[in-house]
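Engineer: Structure provided below as structure tokens; questions to follow.
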Amino acid sequence: MNAHEIDYQIYGEEMQYVEIELDPQEAVVAEAGSFMMMDSDIKMDTIFGDGSNQDNSVLGKIFSAGKRVLTGESLFMTAFLNAGQGKKQVSFASPYPGKILPIDLSEKDGKFICQKDAFLCAAKGVSVGIEFSKRLGRGLFGGEGFIMQKLEGDGMAFVHAGGTLAKKVLAPGEVLKVDTGCIVGFTKDVDYDIEFVGGIKNTVFGGEGLFFATLRGPGTVYIQSLPFSRLAGRIVASIPRGGKDKGEGSILGTLGDIVGGDNRF
């Protein structure tokens with residue numbers, strides 16, 4: 001194996017975290033902000049790119065790290081190395097309610113494609129790059145699904161899905177139509193494209209966007225019920241405008257809030 005072999009355990013239901021067990025000199029890489037806790041003998045180090053060492057030249061490292069900028073991620077990742085004796089643990093938490101999906105790349109023919117913000121952490125040696133769209137329609141109208149991340153290698157990787165996670169195994173030629181933001185990821189043989197919803201009423205009044213993704217088998221697809229963009233959109237929409245409360249907390253509005261114990265004026 002090129003990637004480090006790691007053991008893991010996932011805890012929790014709605015707000016999960018993954019605990020990774022590292023043997024001496026084993027390491028795991030993670031996105032900034034996903035770290036939760038670790039044993040004292042684990043050494044944390046900021047690295048340029050993903051640490052997969054596919055190209056050890058300076059230019060290669062810059063190019064590898066630079067690709068991450070296109071997905072909206074940082075140039076740097078954090079590596080956690082077991083520098084002590086015996087097995088040690090390090091844990092990483094989900095950024096919002098949902099499920100952590102373990103991906104064994106050796107069982108996925110060495111490649112898995114996922115949403116640009118789905119990656120959580122992986123064994124050191126796994127390459128985290130971007131999957132460019134080769135189709136004009138997908139590039140222009142893909143929205144959240146335009147630039148996908150690709151995870152390559154033979155080790156373990158972990159991705160995060162919002163809400164409830166659904167797994168669909170598609171037969172050859174079978175098509176699944178999905179909201180672009182609800183895609184978590186899929187295996188490399190799945191054909192991915194963008195399709196116009198169609199119909200004046202659907203376009204103007206549907207409220208579901210103008211396009212959805214079509215996923216054609218064979219392969220396995222993972223779908224999330226609560227994309228972060230949808231969650232964030234609902235939060236933003238509920239923020240009072242002009243500093244005034246909308247009064248949703250009670251049918252009596254502000255008076256009801258006061259009666260109920262919310263005494264903010």
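As shown in the structure tokens, the chain order sets the letters A, B, ...; within each chain, residues go from 1, and ligands are also counted from 1 in the order they appear.
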For Asp191 (chain A), list every protein, DNA or RNA residue within 8 Å, evaluated using only C-alpha atoms, and leave out those in the same chain fewer than 4 positions away; present the list as a tab-separated table (two decimals) with N, CA and C atoms, in the first residue's frame.

Structural biologist:
chain	number	residue	atom	x	y	z
A	215	LEU	N	-27.26	11.17	-12.87
A	215	LEU	CA	-26.19	10.22	-12.58
A	215	LEU	C	-26.54	8.90	-13.25
A	216	ARG	N	-25.68	8.43	-14.14
A	216	ARG	CA	-25.96	7.22	-14.92
A	216	ARG	C	-24.98	6.11	-14.53
A	217	GLY	N	-25.53	4.95	-14.22
A	217	GLY	CA	-24.72	3.81	-13.82
A	217	GLY	C	-23.97	3.16	-14.96

Engineer: For Glu21 (chain A), find every residue with an atom within 12 Å (counting only C-alpha atoms), except residues of its own chain fewer than 4 positions away, and show them as a list in words.

Structural biologist: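 Returned residues: His4, Glu5, Ile6, Asp7, Tyr8, Gln9, Ile10, Gln25, Glu26, Ala27, Val28, Met38, Asp39, Ile42, Phe80, Leu81, Asn82, Gly86, Lys87, Lys88, Gln89, Val90, Ser91, Phe92 and Ala123 of chain A.
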
Engineer: Limited to N, CA and C atoms, could you put the picked residues into a file as a short mmCIF file (atom, residue, chain, number, x, y, z; two decimals), in the first residue's frame?

Structural biologist:
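part-v2.cif, freshly written:
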data_model
loop_
_atom_site.label_atom_id
_atom_site.label_comp_id
_atom_site.auth_asym_id
_atom_site.auth_seq_id
_atom_site.Cartn_x
_atom_site.Cartn_y
_atom_site.Cartn_z
N HIS A 4 -0.95 5.12 4.32
CA HIS A 4 -0.81 4.50 5.63
C HIS A 4 -2.08 3.71 5.96
N GLU A 5 -1.91 2.56 6.61
CA GLU A 5 -3.05 1.76 7.03
C GLU A 5 -3.53 2.25 8.40
N ILE A 6 -4.79 2.60 8.48
CA ILE A 6 -5.32 3.15 9.73
C ILE A 6 -6.59 2.40 10.13
N ASP A 7 -6.82 2.34 11.44
CA ASP A 7 -8.07 1.80 11.99
C ASP A 7 -8.91 2.98 12.47
N TYR A 8 -10.23 2.77 12.55
CA TYR A 8 -11.10 3.88 12.91
C TYR A 8 -12.36 3.39 13.59
N GLN A 9 -13.03 4.31 14.28
CA GLN A 9 -14.33 4.06 14.88
C GLN A 9 -15.14 5.35 14.79
N ILE A 10 -16.39 5.26 14.30
CA ILE A 10 -17.26 6.42 14.18
C ILE A 10 -18.24 6.43 15.33
N GLN A 25 4.43 6.08 13.80
CA GLN A 25 4.85 6.64 12.52
C GLN A 25 3.74 6.63 11.46
N GLU A 26 2.54 6.24 11.81
CA GLU A 26 1.41 6.39 10.90
C GLU A 26 0.85 7.81 11.03
N ALA A 27 0.24 8.29 9.94
CA ALA A 27 -0.27 9.66 9.94
C ALA A 27 -1.59 9.74 9.18
N VAL A 28 -2.33 10.79 9.49
CA VAL A 28 -3.58 11.08 8.81
C VAL A 28 -3.57 12.57 8.48
N MET A 38 -6.83 14.72 20.43
CA MET A 38 -5.79 13.75 20.12
C MET A 38 -4.99 13.42 21.37
N ASP A 39 -4.31 12.26 21.34
CA ASP A 39 -3.43 11.86 22.43
C ASP A 39 -2.17 12.72 22.42
N ILE A 42 0.85 12.50 19.73
CA ILE A 42 0.61 12.77 18.31
C ILE A 42 1.12 14.16 17.96
N PHE A 80 -1.33 14.67 11.11
CA PHE A 80 -1.25 14.22 12.50
C PHE A 80 -0.46 12.91 12.51
N LEU A 81 0.73 12.92 13.09
CA LEU A 81 1.65 11.79 13.08
C LEU A 81 1.80 11.21 14.48
N ASN A 82 1.72 9.91 14.58
CA ASN A 82 1.98 9.24 15.85
C ASN A 82 3.49 9.14 16.04
N GLY A 86 3.47 2.74 20.72
CA GLY A 86 2.15 2.16 20.88
C GLY A 86 1.09 2.90 20.07
N LYS A 87 -0.12 2.39 20.13
CA LYS A 87 -1.23 2.97 19.36
C LYS A 87 -1.73 4.26 20.02
N LYS A 88 -2.04 5.26 19.19
CA LYS A 88 -2.56 6.54 19.66
C LYS A 88 -3.78 6.92 18.84
N GLN A 89 -4.63 7.77 19.42
CA GLN A 89 -5.87 8.15 18.75
C GLN A 89 -5.93 9.66 18.48
N VAL A 90 -6.54 9.98 17.34
CA VAL A 90 -6.85 11.36 17.00
C VAL A 90 -8.26 11.37 16.42
N SER A 91 -9.04 12.39 16.75
CA SER A 91 -10.45 12.43 16.35
C SER A 91 -10.76 13.69 15.56
N PHE A 92 -11.71 13.52 14.61
CA PHE A 92 -12.15 14.62 13.76
C PHE A 92 -13.68 14.66 13.77
N ALA A 123 -6.12 8.87 5.30
CA ALA A 123 -4.80 8.36 5.62
C ALA A 123 -3.76 9.09 4.77
#

Engineer: Which is closest to Gln224 (chain A) among A:Ser127, A:Ser106, A:Ser40, A:Thr164, if we use only C-alpha atoms?

Structural biologist: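 That would be A:Thr164, the residue with the smallest distance to Gln224 (chain A).
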
Engineer: Would you mind telling me which residue in A:Thr46, A:Ser225, A:Ser238, A:Ser94 lies nearest to Gly163 (chain A) when using only C-alpha atoms?

Structural biologist: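 Between A:Thr46, A:Ser225, A:Ser238, A:Ser94, the residue approaching Gly163 (chain A) most closely is A:Ser225.
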
Engineer: Tell me which of A:Thr180, A:Ser229, A:Gln85, A:Ser34 sits closest to Phe158 (chain A), counting only C-alpha atoms.

Structural biologist: A:Ser34

Engineer: Between CA of Phe76 (chain A) and CA of Val236 (chain A), what distance in Å does the model show, to one decimal?

Structural biologist: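 Value for the CA of Phe76 (chain A)-CA of Val236 (chain A) distance: 29.2 Å.
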
Engineer: For Lys111 (chain A), which residue among A:Lys99, A:Thr187, A:Val221, A:Glu131 is the nearest when counting only C-alpha atoms?

Structural biologist: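 Closest candidate: A:Thr187.
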
Engineer: Find the residue from A:Gly84, A:Pro227, A:Gly12, A:Pro95 that sits nearest to Met36 (chain A); use only C-alpha atoms when measuring.

Structural biologist: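 Among the listed residues, the smallest separation from Met36 (chain A) belongs to A:Pro95.
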
Engineer: Do you know which residues are at most 8 Å from Glu195 (chain A) counting only C-alpha atoms, after dropping those on the same chain fewer than 3 positions away, and could you put them as a PyMOL selection string?

Structural biologist: chain A and resi 211-214
